[in-house]
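For reference, target.txt (compact mmCIF, C-alpha atoms):
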# COMPACT_ATOMS: atom_id res chain seq x y z
CA MET A 5 17.20 28.92 11.34
CA ILE A 6 17.74 26.24 13.98
CA PRO A 7 21.34 25.26 14.79
CA PHE A 8 22.32 21.66 15.58
CA MET A 9 25.16 19.21 14.98
CA ILE A 10 25.63 16.39 12.51
CA ASP A 11 28.74 14.25 13.07
CA GLY A 12 30.30 17.10 15.02
CA GLN A 13 29.75 19.56 12.22
CA PRO A 14 27.54 22.58 12.99
CA VAL A 15 24.58 22.88 10.61
CA GLU A 16 21.38 24.88 10.39
CA GLY A 17 17.93 23.82 9.34
CA LYS A 18 14.69 25.66 8.87
CA GLU A 19 11.77 25.08 11.18
CA GLY A 20 9.58 22.20 10.06
CA GLY A 21 12.46 20.68 8.12
CA ASN A 22 13.92 17.23 8.67
CA VAL A 23 17.39 16.00 9.53
CA LEU A 24 17.94 14.20 6.21
CA GLU A 25 17.45 17.24 3.99
CA VAL A 26 19.80 19.32 6.14
CA ALA A 27 22.43 16.58 6.04
CA LEU A 28 22.20 16.23 2.26
CA ASP A 29 22.42 20.00 1.81
CA ALA A 30 25.52 20.07 4.00
CA GLY A 31 27.10 17.35 1.87
CA ILE A 32 26.81 14.63 4.49
CA GLU A 33 25.95 11.33 2.83
CA ILE A 34 23.08 9.34 4.33
CA PRO A 35 21.83 6.47 2.17
CA HIS A 36 18.13 6.66 1.36
CA LEU A 37 15.60 5.23 -1.10
CA CYS A 38 12.11 6.42 -0.22
CA TYR A 39 12.92 10.11 0.32
CA ASN A 40 12.07 12.70 -2.30
CA GLU A 41 12.12 16.40 -1.52
CA SER A 42 8.89 17.09 -3.40
CA VAL A 43 6.74 14.88 -1.14
CA ARG A 44 6.27 14.49 2.59
CA PRO A 45 8.77 12.15 4.29
CA TYR A 46 7.40 8.65 4.83
CA GLY A 47 10.13 6.63 6.56
CA ALA A 48 9.45 3.45 4.62
CA CYS A 49 12.88 2.24 3.51
CA ARG A 50 14.52 2.73 6.95
CA LEU A 51 17.92 3.19 5.28
CA CYS A 52 18.45 6.76 6.52
CA LEU A 53 18.71 5.56 10.13
CA VAL A 54 20.87 7.80 12.29
CA GLU A 55 21.54 8.15 15.99
CA VAL A 56 20.01 11.28 17.47
CA SER A 57 21.13 12.54 20.85
CA ARG A 58 18.73 14.86 22.63
CA ARG A 59 18.76 15.89 26.30
CA GLY A 60 21.26 13.18 27.08
CA ARG A 61 19.25 10.37 25.51
CA THR A 62 20.29 8.69 22.30
CA ARG A 63 18.08 6.73 19.96
CA LEU A 64 18.07 5.26 16.47
CA THR A 65 15.62 6.97 14.19
CA THR A 66 15.03 7.70 10.52
CA ALA A 67 16.60 11.00 9.51
CA CYS A 68 13.86 11.75 6.98
CA THR A 69 11.10 11.81 9.59
CA TYR A 70 13.07 13.40 12.45
CA PRO A 71 12.34 17.13 12.78
CA VAL A 72 15.04 19.75 13.01
CA LEU A 73 15.37 20.65 16.71
CA GLU A 74 17.72 23.02 18.45
CA GLY A 75 20.76 21.48 20.06
CA ILE A 76 20.31 17.88 18.91
CA GLU A 77 23.38 15.88 17.98
CA VAL A 78 23.05 13.56 15.00
CA TYR A 79 25.52 10.77 14.29
CA THR A 80 25.39 9.13 10.89
CA GLN A 81 28.35 6.76 11.03
CA THR A 82 28.38 5.10 14.44
CA GLU A 83 28.88 1.35 14.72
CA LYS A 84 25.25 0.94 15.83
CA VAL A 85 23.92 2.86 12.83
CA LEU A 86 26.10 1.02 10.34
CA ARG A 87 25.11 -2.36 11.78
CA ALA A 88 21.40 -1.52 11.63
CA ARG A 89 21.72 -0.24 8.07
CA ARG A 90 23.55 -3.37 6.96
CA MET A 91 20.70 -5.48 8.31
CA ILE A 92 18.11 -3.36 6.53
CA ILE A 93 19.86 -3.39 3.16
CA GLU A 94 20.27 -7.17 3.53
CA LEU A 95 16.52 -7.52 4.06
CA ILE A 96 15.74 -5.28 1.10
CA LEU A 97 18.19 -7.27 -1.01
CA ALA A 98 16.48 -10.50 0.04
CA MET A 99 13.19 -9.05 -1.18
CA CYS A 100 14.55 -7.76 -4.51
CA PRO A 101 17.73 -9.73 -5.27
CA GLY A 102 17.76 -8.75 -8.93
CA ASP A 103 18.00 -5.01 -8.53
CA GLN A 104 21.28 -3.36 -9.58
CA LEU A 105 20.99 -0.28 -7.36
CA ILE A 106 20.22 -2.35 -4.25
CA GLN A 107 23.09 -4.70 -5.04
CA ASP A 108 25.49 -1.78 -5.37
CA MET A 109 24.27 -0.16 -2.15
CA ALA A 110 24.59 -3.44 -0.29
CA ARG A 111 28.12 -3.99 -1.52
CA GLU A 112 29.08 -0.47 -0.51
CA MET A 113 27.79 -1.10 2.99
CA GLY A 114 29.70 -4.34 3.21
CA VAL A 115 26.89 -6.84 2.66
CA HIS A 116 28.10 -9.59 0.36
CA ALA A 117 25.78 -12.46 1.13
CA VAL A 118 22.10 -12.66 2.01
CA ARG A 119 21.18 -14.97 4.89
CA PHE A 120 17.44 -14.80 4.33
CA LYS A 121 15.06 -16.58 2.00
CA GLN A 122 15.18 -14.71 -1.28
CA GLU A 123 12.02 -13.50 -2.92
CA ASP A 124 11.65 -12.57 -6.56
CA LYS A 125 9.99 -9.19 -6.19
CA ASP A 126 11.30 -6.10 -7.89
CA CYS A 127 9.40 -3.39 -5.98
CA ILE A 128 10.85 -2.35 -2.60
CA LEU A 129 7.47 -1.00 -1.39
CA CYS A 130 8.78 2.48 -0.62
CA GLY A 131 5.48 4.03 -1.71
CA LEU A 132 7.20 6.87 -3.52
CA CYS A 133 5.21 6.40 -6.74
CA SER A 134 1.88 6.65 -4.94
CA ARG A 135 2.97 9.62 -2.85
CA ILE A 136 4.16 11.50 -5.95
CA CYS A 137 0.93 10.58 -7.72
CA GLU A 138 -1.12 11.87 -4.81
CA GLU A 139 0.78 14.90 -3.57
CA VAL A 140 2.43 16.25 -6.70
CA VAL A 141 0.30 15.09 -9.64
CA GLY A 142 -3.01 14.84 -7.77
CA ALA A 143 -4.17 11.90 -9.86
CA HIS A 144 -4.52 9.30 -7.03
CA ALA A 145 -4.01 6.51 -9.53
CA ILE A 146 -2.06 4.04 -7.44
CA GLN A 147 -1.90 2.91 -3.80
CA PHE A 148 -0.69 0.06 -1.67
CA ALA A 149 -2.97 -2.98 -1.50
CA PHE A 150 -3.15 -5.85 1.00
CA ARG A 151 -0.93 -5.82 4.07
CA GLY A 152 1.97 -7.33 5.92
CA ASP A 153 4.11 -9.67 3.83
CA ARG A 154 1.47 -9.61 1.08
CA ARG A 155 1.65 -5.87 0.62
CA GLU A 156 1.88 -4.82 -3.00
CA MET A 157 1.77 -1.71 -5.12
CA ILE A 158 -0.84 -2.60 -7.72
CA PRO A 159 -3.67 -0.87 -9.56
CA PRO A 160 -7.15 -1.37 -8.02
CA PHE A 161 -8.42 -4.93 -8.63
CA LEU A 162 -5.19 -5.67 -10.50
CA GLY A 163 -6.70 -4.08 -13.57
CA GLU A 164 -5.97 -0.85 -15.35
CA ALA A 165 -5.29 2.19 -13.14
CA MET A 166 -8.19 4.27 -14.41
CA ASN A 167 -7.11 7.50 -12.70
CA CYS A 168 -3.63 7.30 -14.21
CA ILE A 169 -2.93 10.15 -16.62
CA ALA A 170 0.28 8.49 -17.89
CA CYS A 171 2.33 11.54 -16.93
CA GLY A 172 5.32 9.38 -16.07
CA ALA A 173 6.13 11.06 -12.75
CA CYS A 174 6.24 7.68 -10.99
CA VAL A 175 8.55 6.35 -13.71
CA VAL A 176 11.07 9.09 -12.92
CA ALA A 177 10.63 8.90 -9.14
CA CYS A 178 10.96 5.12 -8.65
CA PRO A 179 14.30 4.52 -6.92
CA VAL A 180 14.69 1.00 -8.30
CA ASP A 181 13.40 1.88 -11.76
CA VAL A 182 10.80 -0.87 -12.08
CA ILE A 183 7.96 1.25 -13.51
CA LYS A 184 8.49 1.22 -17.26
CA MET A 185 7.00 3.56 -19.80
CA LYS A 186 6.91 3.02 -23.54
CA GLU A 187 5.78 5.19 -26.42
CA GLU A 188 4.70 3.73 -29.74
CA GLY A 189 3.24 6.00 -32.41
CA ASP A 190 0.54 8.08 -30.77
CA GLU A 191 0.23 5.89 -27.66
CA ARG A 192 1.98 5.98 -24.30
CA THR A 193 1.86 2.99 -21.95
CA ILE A 194 2.79 2.79 -18.27
CA VAL A 195 3.42 -0.94 -18.26
CA ARG A 196 3.12 -1.66 -14.54
CA TRP A 197 -0.23 0.13 -14.18
CA LYS A 198 -1.54 -1.42 -17.42
CA ARG A 199 -2.48 2.04 -18.64
CA THR A 200 -2.32 3.09 -22.33
CA LEU A 201 -3.37 6.56 -23.43
CA LYS A 202 -3.50 8.36 -26.77
CA MET A 203 -1.08 11.26 -27.11
CA LYS A 204 -1.59 14.70 -28.59
CA GLN A 205 0.30 15.93 -31.61
CA CYS A 206 2.14 19.25 -31.55
CA LYS A 207 0.78 21.70 -34.13
CA VAL A 208 4.26 22.99 -34.98
CA CYS A 209 6.69 20.06 -35.01
CA GLY A 210 4.15 17.27 -35.39
CA ASN A 211 5.60 15.16 -32.59
CA TYR A 212 3.33 13.31 -30.20
CA PHE A 213 4.32 14.92 -26.93
CA ALA A 214 1.94 14.04 -24.07
CA PRO A 215 -1.31 12.14 -23.38
CA TRP A 216 -4.55 14.03 -24.05
CA PHE A 217 -5.95 13.07 -20.68
CA GLN A 218 -2.93 14.50 -18.86
CA LEU A 219 -2.92 17.79 -20.78
CA GLU A 220 -6.60 18.37 -20.18
CA LYS A 221 -6.18 17.71 -16.46
CA PHE A 222 -3.18 20.03 -16.18
CA ARG A 223 -4.94 22.72 -18.22
CA ASP A 224 -7.96 22.63 -15.93
CA GLN A 225 -5.85 22.56 -12.77
CA ALA A 226 -3.68 25.51 -13.80
CA LYS A 227 -6.59 27.34 -15.49
CA LEU A 228 -4.70 27.78 -18.76
CA GLN A 229 -6.17 28.94 -22.06
CA LYS A 230 -7.87 26.36 -24.21
CA ASP A 231 -5.16 26.29 -26.87
CA PHE A 232 -2.20 26.35 -24.42
CA PHE A 233 -1.20 22.75 -25.07
CA ASP A 234 -1.66 22.83 -28.86
CA VAL A 235 2.07 23.29 -29.11
CA CYS A 236 4.67 21.13 -27.33
CA TYR A 237 7.04 22.44 -24.69
CA THR A 238 10.05 22.59 -27.02
CA CYS A 239 8.20 24.55 -29.72
CA ARG A 240 6.64 26.93 -27.18
CA THR A 241 9.90 28.12 -25.68
CA MET B 23 -26.23 -3.98 -4.64
CA THR B 24 -28.25 -1.25 -6.32
CA GLN B 25 -27.13 2.35 -6.52
CA THR B 26 -30.12 3.45 -4.42
CA GLU B 27 -29.01 1.12 -1.62
CA VAL B 28 -25.49 2.56 -1.75
CA ASP B 29 -26.92 6.07 -1.77
CA GLY B 30 -28.85 5.23 1.39
CA ILE B 31 -25.72 4.00 3.17
CA VAL B 32 -23.65 6.98 2.06
CA LYS B 33 -26.39 9.39 3.15
CA GLN B 34 -26.40 7.84 6.60
CA TYR B 35 -22.71 8.57 7.22
CA GLY B 36 -22.23 11.56 4.92
CA ALA B 37 -20.14 11.68 1.77
CA LYS B 38 -16.95 12.67 3.59
CA GLU B 39 -13.64 10.89 3.44
CA SER B 40 -13.69 9.77 7.08
CA ALA B 41 -16.95 7.86 6.51
CA ILE B 42 -15.48 5.41 4.03
CA LEU B 43 -14.77 2.61 6.48
CA ALA B 44 -18.29 2.67 7.91
CA VAL B 45 -19.73 2.63 4.38
CA LEU B 46 -17.55 -0.31 3.39
CA GLN B 47 -18.53 -2.21 6.53
CA ASP B 48 -22.22 -1.77 5.76
CA ILE B 49 -21.77 -2.96 2.19
CA GLN B 50 -19.72 -5.90 3.48
CA SER B 51 -22.40 -6.99 5.94
CA LYS B 52 -25.13 -6.75 3.31
CA GLU B 53 -23.32 -8.37 0.39
CA LYS B 54 -20.82 -10.46 2.40
CA TYR B 55 -18.12 -8.96 0.18
CA LEU B 56 -17.24 -5.78 -1.70
CA PRO B 57 -18.15 -6.10 -5.38
CA LYS B 58 -15.99 -4.16 -7.82
CA GLU B 59 -18.92 -2.33 -9.43
CA THR B 60 -20.25 -1.22 -6.04
CA LEU B 61 -16.86 0.14 -5.01
CA GLU B 62 -16.59 2.01 -8.30
CA TYR B 63 -19.93 3.65 -7.60
CA VAL B 64 -18.92 4.45 -4.01
CA SER B 65 -15.70 6.02 -5.31
CA GLN B 66 -17.64 8.22 -7.71
CA ARG B 67 -20.38 9.05 -5.20
CA MET B 68 -18.03 9.99 -2.34
CA GLY B 69 -15.26 11.49 -4.45
CA ILE B 70 -12.65 9.13 -3.02
CA PRO B 71 -10.12 7.67 -5.48
CA MET B 72 -10.55 4.00 -6.32
CA ALA B 73 -6.93 3.28 -5.34
CA THR B 74 -7.57 4.59 -1.83
CA ILE B 75 -10.72 2.51 -1.43
CA PHE B 76 -8.94 -0.60 -2.69
CA ARG B 77 -6.16 -0.01 -0.18
CA ILE B 78 -8.63 0.10 2.71
CA ALA B 79 -10.70 -2.81 1.37
CA THR B 80 -7.65 -5.08 1.16
CA PHE B 81 -6.09 -3.93 4.43
CA TYR B 82 -8.76 -5.03 6.90
CA ASN B 83 -9.52 -8.69 7.46
CA ALA B 84 -13.15 -7.81 8.13
CA LEU B 85 -13.51 -6.65 4.53
CA SER B 86 -13.30 -8.99 1.58
CA ILE B 87 -13.06 -8.39 -2.15
CA LYS B 88 -13.85 -12.02 -2.93
CA PRO B 89 -17.44 -13.37 -2.69
CA ARG B 90 -18.13 -14.98 0.68
CA GLY B 91 -20.52 -17.66 1.83
CA ARG B 92 -23.78 -17.04 3.67
CA HIS B 93 -22.27 -18.33 6.90
CA LYS B 94 -18.80 -17.66 8.23
CA ILE B 95 -17.02 -20.24 10.34
CA ASP B 96 -14.11 -18.98 12.45
CA VAL B 97 -12.10 -21.78 13.97
CA CYS B 98 -9.98 -20.67 16.90
CA MET B 99 -6.27 -21.35 16.52
CA GLY B 100 -5.22 -19.51 19.67
CA THR B 101 -2.77 -21.20 22.01
CA ALA B 102 -5.38 -22.76 24.30
CA CYS B 103 -7.59 -24.07 21.50
CA HIS B 104 -4.56 -25.21 19.58
CA VAL B 105 -3.29 -27.45 22.37
CA ARG B 106 -6.80 -28.76 22.98
CA GLY B 107 -7.09 -29.93 19.38
CA GLY B 108 -8.22 -26.91 17.35
CA THR B 109 -6.27 -28.13 14.35
CA LYS B 110 -8.29 -31.36 14.37
CA ILE B 111 -11.52 -29.36 14.23
CA LEU B 112 -10.14 -27.37 11.33
CA ASP B 113 -8.99 -30.55 9.55
CA LYS B 114 -12.43 -32.07 9.94
CA LEU B 115 -14.14 -28.96 8.54
CA GLU B 116 -11.72 -28.74 5.63
CA ARG B 117 -12.36 -32.38 4.80
CA ASP B 118 -16.16 -32.21 5.15
CA LEU B 119 -16.58 -28.94 3.26
CA GLY B 120 -13.94 -29.76 0.67
CA ILE B 121 -12.23 -26.38 1.03
CA SER B 122 -9.17 -25.04 2.79
CA VAL B 123 -8.88 -22.09 5.15
CA GLY B 124 -9.90 -18.79 3.58
CA GLU B 125 -12.05 -20.42 0.91
CA THR B 126 -15.77 -20.55 0.26
CA THR B 127 -17.80 -23.65 -0.65
CA LYS B 128 -19.12 -23.84 -4.22
CA ASP B 129 -22.75 -23.51 -3.06
CA LYS B 130 -21.78 -20.30 -1.18
CA ARG B 131 -23.03 -21.83 2.06
CA PHE B 132 -19.88 -21.56 4.17
CA THR B 133 -16.68 -19.58 4.32
CA LEU B 134 -13.98 -21.12 6.50
CA GLU B 135 -11.54 -18.94 8.40
CA SER B 136 -9.09 -19.44 11.21
CA VAL B 137 -8.81 -16.80 13.92
CA ARG B 138 -6.36 -16.26 16.76
CA CYS B 139 -8.27 -16.05 20.02
CA VAL B 140 -11.94 -15.38 20.66
CA GLY B 141 -11.46 -14.89 24.38
CA CYS B 142 -13.12 -17.95 25.89
CA CYS B 143 -10.15 -20.27 26.22
CA SER B 144 -11.81 -22.35 28.94
CA LEU B 145 -14.30 -23.58 26.33
CA GLY B 146 -11.60 -24.68 23.88
CA PRO B 147 -11.46 -25.86 21.23
CA VAL B 148 -13.82 -23.18 20.02
CA ALA B 149 -15.42 -22.26 16.70
CA VAL B 150 -17.63 -19.27 15.97
CA VAL B 151 -20.33 -19.58 13.34
CA ASP B 152 -22.04 -16.31 12.37
CA GLY B 153 -21.17 -14.86 15.75
CA GLU B 154 -22.49 -17.84 17.73
CA VAL B 155 -19.83 -19.52 19.85
CA PHE B 156 -19.55 -23.32 20.00
CA GLY B 157 -17.22 -24.67 22.69
CA ARG B 158 -15.72 -28.00 23.85
CA LEU B 159 -15.82 -29.19 20.26
CA THR B 160 -14.97 -32.63 19.01
CA GLN B 161 -14.79 -33.80 15.41
CA ASP B 162 -18.03 -35.78 15.94
CA LYS B 163 -19.98 -32.69 16.99
CA MET B 164 -19.20 -30.75 13.82
CA PRO B 165 -21.75 -32.21 11.31
CA SER B 166 -24.73 -31.57 13.60
CA ILE B 167 -23.60 -27.96 14.21
CA LEU B 168 -23.21 -27.28 10.51
CA LYS B 169 -26.68 -28.70 9.87
CA GLU B 170 -28.21 -25.73 11.72
CA PHE B 171 -26.85 -23.31 9.11
CA LYS B 172 -28.50 -23.61 5.72
Mind converting the file's structure to structure tokens?
Amino acid sequence: MIPFMIDGQPVEGKEGGNVLEVALDAGIEIPHLCYNESVRPYGACRLCLVEVSRRGRTRLTTACTYPVLEGIEVYTQTEKVLRARRMIIELILAMCPGDQLIQDMAREMGVHAVRFKQEDKDCILCGLCSRICEEVVGAHAIQFAFRGDRREMIPPFLGEAMNCIACGACVVACPVDVIKMKEEGDERTIVRWKRTLKMKQCKVCGNYFAPWFQLEKFRDQAKLQKDFFDVCYTCRT
Amino acid sequence: MTQTEVDGIVKQYGAKESAILAVLQDIQSKEKYLPKETLEYVSQRMGIPMATIFRIATFYNALSIKPRGRHKIDVCMGTACHVRGGTKILDKLERDLGISVGETTKDKRFTLESVRCVGCCSLGPVAVVDGEVFGRLTQDKMPSILKEFK
């Protein structure tokens, strides 16, 4: 374990870890949107900015991408950090003015008005859905497209995301909750990726519980028996 | 583009992930754009997800997912060309071709683009057509230059 300080409090992190996860474990609040412990840190939302002091030099950096190092001093509440964070949340709010979570975060940080031209997007481009899809699910269904101010998270050629297995991991992971999933009868649709898949029926309770495509993929990946997914999770346990 | 042609390109660079950009560039220079069907075949052939290919294809300006014309006109909008009247050259081209920047004429003859600097500011205003540089341009010179490209 590597010892270092956060806001004057001694903490310990494991090698290869990052400052944000140590801070959260120690109960130190650092706002963040694009961080999820099950995928590699990406540093997209810039909200977890902290000041890190190392060998007498201090710099602003994202806590999620800063490695745990011995003897560093991290400050999460300095005037510089708070000012930078306020600017970032204001920019995110200008991009997605309609989002409840962003509005609440902004208010908490003391941002009450947006000085910038407001856009009508809903996605904050944190890339969490695509990282979950790639690193956890392994489906590679969705990725960023275009670049700069035109960057978007859309299925290839704006059509249906053909690799999507409709597992719903992105729906759960999205910090601003803009990826919607609906289930009607034996069909599940991930609205944003324009993907509708037929679901399998449980042999015991008769409920439609997950898409065929997803179950087959998981079965092959985990090398399960052929009839493993004949019964839904609730009936199996 | 036929599957055999794509196979040839892929074989040249190898079906590994790091070869994707080179493959896309070759398809781009042959077809002048990246057709959806071709990319789908490339994805299947090289085992690279379609989403990843689409990300790369839309990221670089050198790659296009929309059909392009046979000839590409880049009008320089760098500082030097701009002050020497680059915008007037662009206006003239837009008017004559009936398209705006980034578009392609209906007969697929020209695609009009604006670029930042092509590195020969002393010749400004400059336009590059299919890699050939035309300098000290005036509006009057444009029709005769375009005539050379069928």
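Distance-wise, CA of Cys206 in chain A and CA of Arg240 in chain A end up 9.9 Å apart.
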- Message: Applying 9 Å and all atoms listed in the file, which residues near Ala44 in chain B remain after dropping the ones on its own chain fewer than 5 positions away? List them as a ChimeraX atom specification.
- Response: /B:31,35,49
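Residue-level contact on chain B: within 10 Å of chain A, counting all atoms listed in the file, the set is B:Lys58, B:Ile70, B:Pro71, B:Met72, B:Ala73, B:Thr74, B:Ile75, B:Phe76, B:Arg77, B:Ile78, B:Ala79, B:Thr80, B:Phe81, B:Tyr82, B:Asn83, B:Ile87.
Using all atoms listed in the file, the smallest distance between any of A:Thr65, A:Ser57, A:Gln104, A:Gln13 and Pro179 in chain A comes from A:Gln104.
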- Task: Show which residues sit within 8 Å of Cys127 in chain A, as an MDAnalysis selection string. Count all atoms listed in the file, and ignore same-chain residues fewer than 6 positions away.
- Result: chainID A and resid 100 157 180 182
- Query: Just how far from CA of Met99 in chain B is CA of Gly141 in chain B, in Å to one decimal?
  - Reply: 11.4 Å
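Between CA of Cys139 in chain B and CA of Ala41 in chain B lies a distance of 28.8 Å.
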When you get a chance, write out all heavy atoms for range 51-60 of chain B, as a short mmCIF file (atom, residue, chain, number, x, y, z; two decimals), in the coordinates of the input.
data_model
loop_
_atom_site.label_atom_id
_atom_site.label_comp_id
_atom_site.auth_asym_id
_atom_site.auth_seq_id
_atom_site.Cartn_x
_atom_site.Cartn_y
_atom_site.Cartn_z
N SER B 51 -21.46 -6.16 5.18
CA SER B 51 -22.40 -6.99 5.94
C SER B 51 -23.64 -7.32 5.12
O SER B 51 -24.27 -8.35 5.32
CB SER B 51 -22.77 -6.31 7.26
OG SER B 51 -23.47 -5.13 7.00
N LYS B 52 -23.98 -6.47 4.16
CA LYS B 52 -25.13 -6.75 3.31
C LYS B 52 -24.81 -7.77 2.22
O LYS B 52 -25.56 -8.70 1.98
CB LYS B 52 -25.64 -5.47 2.66
CG LYS B 52 -26.92 -4.95 3.33
CD LYS B 52 -27.58 -3.88 2.50
CE LYS B 52 -28.70 -3.26 3.31
NZ LYS B 52 -28.90 -1.86 3.01
N GLU B 53 -23.67 -7.55 1.56
CA GLU B 53 -23.32 -8.37 0.39
C GLU B 53 -22.41 -9.53 0.75
O GLU B 53 -22.15 -10.39 -0.08
CB GLU B 53 -22.62 -7.51 -0.66
CG GLU B 53 -23.48 -6.45 -1.29
CD GLU B 53 -24.35 -7.00 -2.41
OE1 GLU B 53 -23.83 -7.78 -3.21
OE2 GLU B 53 -25.53 -6.66 -2.46
N LYS B 54 -21.83 -9.49 1.95
CA LYS B 54 -20.82 -10.46 2.40
C LYS B 54 -19.48 -10.28 1.68
O LYS B 54 -18.54 -11.03 1.91
CB LYS B 54 -21.29 -11.92 2.22
CG LYS B 54 -22.60 -12.23 2.91
CD LYS B 54 -22.45 -12.25 4.40
CE LYS B 54 -23.80 -12.47 5.05
NZ LYS B 54 -23.81 -12.03 6.45
N TYR B 55 -19.41 -9.34 0.77
CA TYR B 55 -18.12 -8.96 0.18
C TYR B 55 -18.29 -7.61 -0.49
O TYR B 55 -19.38 -7.03 -0.47
CB TYR B 55 -17.60 -10.03 -0.78
CG TYR B 55 -18.17 -10.01 -2.18
CD1 TYR B 55 -17.38 -9.68 -3.28
CD2 TYR B 55 -19.49 -10.36 -2.41
CE1 TYR B 55 -17.90 -9.68 -4.57
CE2 TYR B 55 -20.02 -10.37 -3.69
CZ TYR B 55 -19.22 -10.03 -4.77
OH TYR B 55 -19.74 -10.03 -6.03
N LEU B 56 -17.18 -7.09 -1.06
CA LEU B 56 -17.24 -5.78 -1.70
C LEU B 56 -17.11 -5.94 -3.21
O LEU B 56 -16.00 -6.11 -3.72
CB LEU B 56 -16.12 -4.89 -1.16
CG LEU B 56 -16.09 -4.68 0.35
CD1 LEU B 56 -14.81 -3.98 0.77
CD2 LEU B 56 -17.30 -3.88 0.81
N PRO B 57 -18.23 -5.91 -3.93
CA PRO B 57 -18.15 -6.10 -5.38
C PRO B 57 -17.47 -4.90 -6.06
O PRO B 57 -17.60 -3.77 -5.59
CB PRO B 57 -19.63 -6.16 -5.81
CG PRO B 57 -20.42 -6.29 -4.57
CD PRO B 57 -19.61 -5.70 -3.47
N LYS B 58 -16.75 -5.20 -7.12
CA LYS B 58 -15.99 -4.16 -7.82
C LYS B 58 -16.88 -3.01 -8.28
O LYS B 58 -16.56 -1.84 -8.08
CB LYS B 58 -15.29 -4.80 -9.03
CG LYS B 58 -14.30 -3.89 -9.70
CD LYS B 58 -13.64 -4.57 -10.88
CE LYS B 58 -12.77 -3.56 -11.62
NZ LYS B 58 -12.35 -4.03 -12.93
N GLU B 59 -18.03 -3.35 -8.87
CA GLU B 59 -18.92 -2.33 -9.43
C GLU B 59 -19.43 -1.40 -8.31
O GLU B 59 -19.53 -0.19 -8.49
CB GLU B 59 -20.12 -2.97 -10.13
CG GLU B 59 -19.79 -3.78 -11.37
CD GLU B 59 -19.04 -5.07 -11.04
OE1 GLU B 59 -19.31 -5.66 -9.97
OE2 GLU B 59 -18.17 -5.47 -11.84
N THR B 60 -19.76 -2.02 -7.17
CA THR B 60 -20.25 -1.22 -6.04
C THR B 60 -19.18 -0.24 -5.58
O THR B 60 -19.47 0.93 -5.33
CB THR B 60 -20.67 -2.13 -4.88
OG1 THR B 60 -21.51 -3.16 -5.40
CG2 THR B 60 -21.43 -1.37 -3.82
#
